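A.B. asks: File final.pdb below, PDB, C-alpha atoms:
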```
ATOM      1  CA  MET P1252     -33.604  41.151  91.667
ATOM      2  CA  PRO P1253     -29.953  41.170  90.638
ATOM      3  CA  VAL P1254     -29.084  41.996  87.027
ATOM      4  CA  SER P1255     -26.558  39.700  85.353
ATOM      5  CA  ALA P1256     -24.161  40.645  82.560
ATOM      6  CA  PRO P1257     -25.144  39.443  79.071
ATOM      7  CA  SER P1258     -23.406  36.258  78.059
ATOM      8  CA  PRO P1259     -21.137  36.317  74.932
ATOM      9  CA  PRO P1260     -22.590  34.880  71.752
ATOM     10  CA  ARG P1261     -21.862  31.206  71.307
ATOM     11  CA  LEU P1262     -21.492  31.287  67.508
ATOM     12  CA  LEU P1263     -19.376  33.651  65.341
ATOM     13  CA  HIS P1264     -19.527  33.725  61.539
ATOM     14  CA  SER P1265     -16.766  34.606  59.079
ATOM     15  CA  PRO P1266     -17.060  34.808  55.258
ATOM     16  CA  PHE P1267     -13.522  33.364  54.894
ATOM     17  CA  ILE P1268     -14.038  30.233  56.923
ATOM     18  CA  HIS P1269     -16.428  27.457  55.883
ATOM     19  CA  ARG P1270     -17.526  26.366  59.294
ATOM     20  CA  PRO P1271     -18.625  28.686  62.070
ATOM     21  CA  ILE P1272     -16.299  29.347  64.963
ATOM     22  CA  ASN P1273     -17.604  28.069  68.263
ATOM     23  CA  PHE P1274     -16.714  30.509  70.965
ATOM     24  CA  THR P1275     -16.054  28.817  74.251
ATOM     25  CA  PRO P1276     -14.179  30.250  77.152
ATOM     26  CA  PRO P1277     -10.611  28.885  77.333
ATOM     27  CA  SER P1278     -10.090  25.951  79.584
ATOM     28  CA  PHE P1279      -6.769  24.526  80.627
ATOM     29  CA  SER P1280      -7.271  20.868  80.054
ATOM     30  CA  ALA P1281      -4.553  18.560  78.760
ATOM     31  CA  LYS P1282      -6.494  18.033  75.504
ATOM     32  CA  ASN P1283      -6.468  21.748  74.604
ATOM     33  CA  LEU P1284      -2.761  22.090  75.311
ATOM     34  CA  ARG P1285      -1.740  19.172  73.064
ATOM     35  CA  SER P1286      -3.754  19.671  69.908
ATOM     36  CA  PRO P1287      -5.560  22.948  69.417
ATOM     37  CA  SER P1288      -8.411  22.795  66.964
ATOM     38  CA  TYR P1289      -8.103  25.368  64.190
ATOM     39  CA  PRO P1290     -10.785  26.140  61.644
ATOM     40  CA  GLN P1291      -9.966  24.842  58.183
ATOM     41  CA  ILE P1292      -9.559  27.325  55.363
ATOM     42  CA  LYS P1293     -10.441  26.070  51.892
ATOM     43  CA  ALA P1294      -7.904  26.798  49.121
ATOM     44  CA  GLU P1295      -8.617  26.084  45.472
ATOM     45  CA  LEU P1296      -6.281  26.132  42.480
ATOM     46  CA  ASP P1297      -7.983  27.384  39.369
ATOM     47  CA  PRO P1298      -6.562  26.614  35.894
ATOM     48  CA  ASN P1299      -5.038  30.101  35.538
ATOM     49  CA  THR P1300      -3.000  29.619  38.694
ATOM     50  CA  VAL P1301      -1.735  26.240  37.502
ATOM     51  CA  VAL P1302      -0.731  27.758  34.147
ATOM     52  CA  ALA P1303       1.035  30.669  35.854
ATOM     53  CA  ILE P1304       3.016  28.345  38.120
ATOM     54  CA  SER P1305       3.928  26.099  35.165
ATOM     55  CA  VAL P1306       5.126  29.059  33.089
ATOM     56  CA  GLY P1307       7.205  30.308  36.015
ATOM     57  CA  VAL P1308       8.885  26.940  36.514
ATOM     58  CA  ALA P1309       9.541  26.590  32.769
ATOM     59  CA  SER P1310      11.034  30.101  32.632
ATOM     60  CA  VAL P1311      13.433  29.358  35.454
ATOM     61  CA  ALA P1312      14.446  26.072  33.797
ATOM     62  CA  LEU P1313      15.098  27.796  30.451
ATOM     63  CA  GLY P1314      16.913  30.664  32.128
ATOM     64  CA  ILE P1315      19.374  28.183  33.584
ATOM     65  CA  GLY P1316      19.401  25.610  30.763
ATOM     66  CA  ILE P1317      20.116  27.854  27.769
ATOM     67  CA  PRO P1318      23.329  29.434  29.128
ATOM     68  CA  VAL P1319      24.567  26.002  30.240
ATOM     69  CA  PHE P1320      23.864  24.604  26.747
ATOM     70  CA  TYR P1321      25.776  27.414  25.011
ATOM     71  CA  GLU P1322      28.681  27.121  27.440
ATOM     72  CA  THR P1323      29.056  23.402  26.699
ATOM     73  CA  GLN P1324      28.853  24.058  22.942
ATOM     74  CA  ILE P1325      31.606  26.669  23.187
ATOM     75  CA  ASP P1326      33.781  24.280  25.175
ATOM     76  CA  ASN P1327      33.221  21.477  22.638
ATOM     77  CA  ALA P1328      33.964  23.794  19.693
ATOM     78  CA  SER P1329      37.230  24.974  21.216
ATOM     79  CA  LYS P1330      38.409  21.339  21.460
ATOM     80  CA  ARG P1331      37.835  20.706  17.720
ATOM     81  CA  GLU P1332      40.370  21.832  15.138
ATOM     82  CA  ASN P1333      39.144  24.507  12.745
ATOM     83  CA  THR P1334      39.875  23.590   9.104
ATOM     84  CA  GLN P1335      37.045  25.360   7.280
ATOM     85  CA  PRO P1336      38.349  27.576   4.432
ATOM     86  CA  CYS P1337      37.602  31.288   4.659
ATOM     87  CA  PHE P1338      34.489  32.312   2.678
ATOM     88  CA  PRO P1339      35.508  35.744   1.308
ATOM     89  CA  CYS P1340      38.981  34.694   0.042
ATOM     90  CA  ASN P1341      38.234  30.986  -0.643
ATOM     91  CA  GLY P1342      41.125  29.966   1.620
ATOM     92  CA  THR P1343      43.832  31.963  -0.208
ATOM     93  CA  GLY P1344      44.276  34.615   2.490
ATOM     94  CA  ALA P1345      44.058  37.455  -0.038
ATOM     95  CA  GLN P1346      41.170  39.329  -1.636
ATOM     96  CA  LYS P1347      41.106  41.132  -4.959
ATOM     97  CA  CYS P1348      41.360  44.910  -4.568
ATOM     98  CA  ARG P1349      38.004  46.580  -5.195
ATOM     99  CA  LEU P1350      39.446  49.836  -6.453
ATOM    100  CA  CYS P1351      41.658  48.469  -9.242
ATOM    101  CA  VAL P1352      39.738  45.166  -9.607
ATOM    102  CA  GLY P1353      42.961  43.178  -9.167
ATOM    103  CA  SER P1354      45.030  44.870 -11.915
ATOM    104  CA  GLY P1355      47.170  47.036  -9.628
ATOM    105  CA  ASN P1356      46.627  50.038 -11.904
ATOM    106  CA  VAL P1357      43.924  52.699 -11.924
ATOM    107  CA  THR P1358      42.986  54.430 -15.161
ATOM    108  CA  VAL P1359      41.562  57.952 -14.876
ATOM    109  CA  GLU P1360      40.016  59.814 -17.840
ATOM    110  CA  LEU P1361      41.129  63.429 -17.677
ATOM    111  CA  GLY P1362      38.984  64.761 -20.496
ATOM    112  CA  GLY P1363      39.675  65.505 -24.107
ATOM    113  CA  GLY P1364      40.387  61.837 -24.676
ATOM    114  CA  GLU P1365      43.387  61.817 -22.353
ATOM    115  CA  LYS P1366      43.873  58.989 -19.857
ATOM    116  CA  GLU P1367      46.249  58.683 -16.939
ATOM    117  CA  VAL P1368      47.325  55.299 -15.589
ATOM    118  CA  SER P1369      48.775  55.129 -12.073
ATOM    119  CA  ASN P1370      49.418  52.572  -9.368
ATOM    120  CA  CYS P1371      46.441  51.807  -7.142
ATOM    121  CA  ILE P1372      46.716  53.707  -3.872
ATOM    122  CA  ASN P1373      44.531  51.126  -2.085
ATOM    123  CA  CYS P1374      46.727  48.052  -2.686
ATOM    124  CA  ASP P1375      50.005  49.855  -3.689
ATOM    125  CA  GLY P1376      49.871  48.203  -7.109
ATOM    126  CA  ALA P1377      49.726  44.621  -5.799
ATOM    127  CA  GLY P1378      46.179  43.983  -7.009
ATOM    128  CA  SER P1379      45.192  42.184  -3.821
ATOM    129  CA  LEU P1380      44.821  42.874  -0.121
ATOM    130  CA  THR P1381      45.110  40.694   2.955
ATOM    131  CA  CYS P1382      41.723  39.171   3.756
ATOM    132  CA  THR P1383      40.147  41.075   6.640
ATOM    133  CA  THR P1384      38.037  38.104   7.734
ATOM    134  CA  CYS P1385      40.808  35.528   8.262
ATOM    135  CA  GLN P1386      43.733  38.013   8.529
ATOM    136  CA  GLY P1387      45.542  36.107   5.775
ATOM    137  CA  SER P1388      45.408  32.644   7.359
ATOM    138  CA  GLY P1389      42.910  31.213   4.861
ATOM    139  CA  VAL P1390      40.921  29.551   7.673
ATOM    140  CA  GLN P1391      37.424  30.773   8.515
ATOM    141  CA  PRO P1392      37.501  32.004  12.124
ATOM    142  CA  ARG P1393      34.846  30.826  14.531
ATOM    143  CA  TYR P1394      32.106  33.258  15.437
ATOM    144  CA  LEU P1395      33.460  34.263  18.839
ATOM    145  CA  ASP P1396      37.017  34.456  17.491
ATOM    146  CA  ARG P1397      35.911  37.237  15.102
ATOM    147  CA  ARG P1398      34.782  39.495  17.930
ATOM    148  CA  GLU P1399      36.853  41.830  20.037
ATOM    149  CA  PHE P1400      35.776  41.934  23.646
ATOM    150  CA  LYS P1401      36.797  45.116  25.394
ATOM    151  CA  ASP P1402      36.828  45.488  29.127
ATOM    152  CA  ASP P1403      35.392  48.956  29.705
ATOM    153  CA  ASP P1404      35.553  48.773  33.482
TER     154      ASP P1404
END
```
Spit out the file's structure as structure tokens when you get a sec.
C.D. replies:
Amino acid sequence: MPVSAPSPPRLLHSPFIHRPINFTPPSFSAKNLRSPSYPQIKAELDPNTVVAISVGVASVALGIGIPVFYETQIDNASKRENTQPCFPCNGTGAQKCRLCVGSGNVTVELGGGEKEVSNCINCDGAGSLTCTTCQGSGVQPRYLDRREFKDDD
């Protein structure tokens, strides 16, 4: 009696696919060439995945939106005239000298009751100095106008 080869199993199982794969030898019919039948894989979105995707989208939106917002604010501020008086000098353009307290003279006690009065070396006897915030203009500079940007390249 002739011995025949064992036939392949008709049903294969996979833990990743919900329905078993039917193994059939390939046939070349018009139906198989037009629309092959693939097993369906089930995908679920759990709440953590939804939160992670939402946070990612929000981060990208903020990463683009915040610089655009600041750029438009800077453009709008540069169009407006700046008339705010300087805070440290109250709009005068000069500040009282801290060393002589505005008198222009410095008194030094030498000892033994002797005193020496001389011109202030900080303000050269004027009693005031040019305001370092507004550079003597009396107008409060805008925030970015107070900064020096150096190109180190």
A.B. asks: Which residue is closest to Cys1351 of chain P? Choose from P:Asp1326, P:Gly1387, P:Thr1334, P:Leu1380 and count only C-alpha atoms.
C.D. replies: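 Smallest separation from Cys1351 of chain P among the options: P:Leu1380.
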A.B. asks: To one decimal place, how far is atom CA of Ser1379 of chain P from atom CA of Thr1343 of chain P in Å?
C.D. replies: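 According to the coordinates, atom CA of Ser1379 of chain P and atom CA of Thr1343 of chain P are separated by 10.9 Å.
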A.B. asks: Report as a list in words the full result of the PyMOL selection byres ((chain P and resi 1377) around 12) when it is applied to this structure.
C.D. replies: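 Applied to this file, the PyMOL selection byres ((chain P and resi 1377) around 12) selects Ala1345, Gln1346, Lys1347, Cys1348, Arg1349, Leu1350, Cys1351, Val1352, Gly1353, Ser1354, Gly1355, Asn1356, Val1357, Asn1370, Cys1371, Ile1372, Asn1373, Cys1374, Asp1375, Gly1376, Gly1378, Ser1379, Leu1380 and Thr1381 of chain P.
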A.B. asks: Got time to write the residues from that selection, C-alpha atoms, as a CSV table (one decimal), in the frame of the given file?
C.D. replies:
```csv
chain,number,residue,atom,x,y,z
P,1345,ALA,CA,44.1,37.5,0.0
P,1346,GLN,CA,41.2,39.3,-1.6
P,1347,LYS,CA,41.1,41.1,-5.0
P,1348,CYS,CA,41.4,44.9,-4.6
P,1349,ARG,CA,38.0,46.6,-5.2
P,1350,LEU,CA,39.4,49.8,-6.5
P,1351,CYS,CA,41.7,48.5,-9.2
P,1352,VAL,CA,39.7,45.2,-9.6
P,1353,GLY,CA,43.0,43.2,-9.2
P,1354,SER,CA,45.0,44.9,-11.9
P,1355,GLY,CA,47.2,47.0,-9.6
P,1356,ASN,CA,46.6,50.0,-11.9
P,1357,VAL,CA,43.9,52.7,-11.9
P,1370,ASN,CA,49.4,52.6,-9.4
P,1371,CYS,CA,46.4,51.8,-7.1
P,1372,ILE,CA,46.7,53.7,-3.9
P,1373,ASN,CA,44.5,51.1,-2.1
P,1374,CYS,CA,46.7,48.1,-2.7
P,1375,ASP,CA,50.0,49.9,-3.7
P,1376,GLY,CA,49.9,48.2,-7.1
P,1378,GLY,CA,46.2,44.0,-7.0
P,1379,SER,CA,45.2,42.2,-3.8
P,1380,LEU,CA,44.8,42.9,-0.1
P,1381,THR,CA,45.1,40.7,3.0
```
A.B. asks: Got a sec to resolve the PyMOL selection byres ((chain P and resi 1335) around 12) on this structure and send the residues as a PDB file with C-alpha atoms, in the coordinates of the input?
C.D. replies:
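Resulting contents of result.pdb:
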```pdb
ATOM      1  CA  ARG P1331      37.835  20.706  17.720  1.00  0.00           C
ATOM      2  CA  GLU P1332      40.370  21.832  15.138  1.00  0.00           C
ATOM      3  CA  ASN P1333      39.144  24.507  12.745  1.00  0.00           C
ATOM      4  CA  THR P1334      39.875  23.590   9.104  1.00  0.00           C
ATOM      5  CA  PRO P1336      38.349  27.576   4.432  1.00  0.00           C
ATOM      6  CA  CYS P1337      37.602  31.288   4.659  1.00  0.00           C
ATOM      7  CA  PHE P1338      34.489  32.312   2.678  1.00  0.00           C
ATOM      8  CA  CYS P1340      38.981  34.694   0.042  1.00  0.00           C
ATOM      9  CA  ASN P1341      38.234  30.986  -0.643  1.00  0.00           C
ATOM     10  CA  GLY P1342      41.125  29.966   1.620  1.00  0.00           C
ATOM     11  CA  CYS P1385      40.808  35.528   8.262  1.00  0.00           C
ATOM     12  CA  SER P1388      45.408  32.644   7.359  1.00  0.00           C
ATOM     13  CA  GLY P1389      42.910  31.213   4.861  1.00  0.00           C
ATOM     14  CA  VAL P1390      40.921  29.551   7.673  1.00  0.00           C
ATOM     15  CA  GLN P1391      37.424  30.773   8.515  1.00  0.00           C
ATOM     16  CA  PRO P1392      37.501  32.004  12.124  1.00  0.00           C
ATOM     17  CA  ARG P1393      34.846  30.826  14.531  1.00  0.00           C
TER      18      ARG P1393
END
```
A.B. asks: Around all the atoms of segment 1384-1393 of chain P listed in the file, with 8 Å of room on each side, what axis-aligned box do you get, giving centre and edge lengths in Å to one decimal, as AutoDock Vina command-line options?
C.D. replies:
```
--center_x 40.2 --center_y 33.8 --center_z 9.7 --size_x 26.7 --size_y 24.6 --size_z 25.7
```
A.B. asks: Could you state the separation of atom CA of Ile1304 of chain P and atom CA of Pro1318 of chain P in Å, given to one decimal place?
C.D. replies: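 Between atom CA of Ile1304 of chain P and atom CA of Pro1318 of chain P the gap works out to 22.2 Å.
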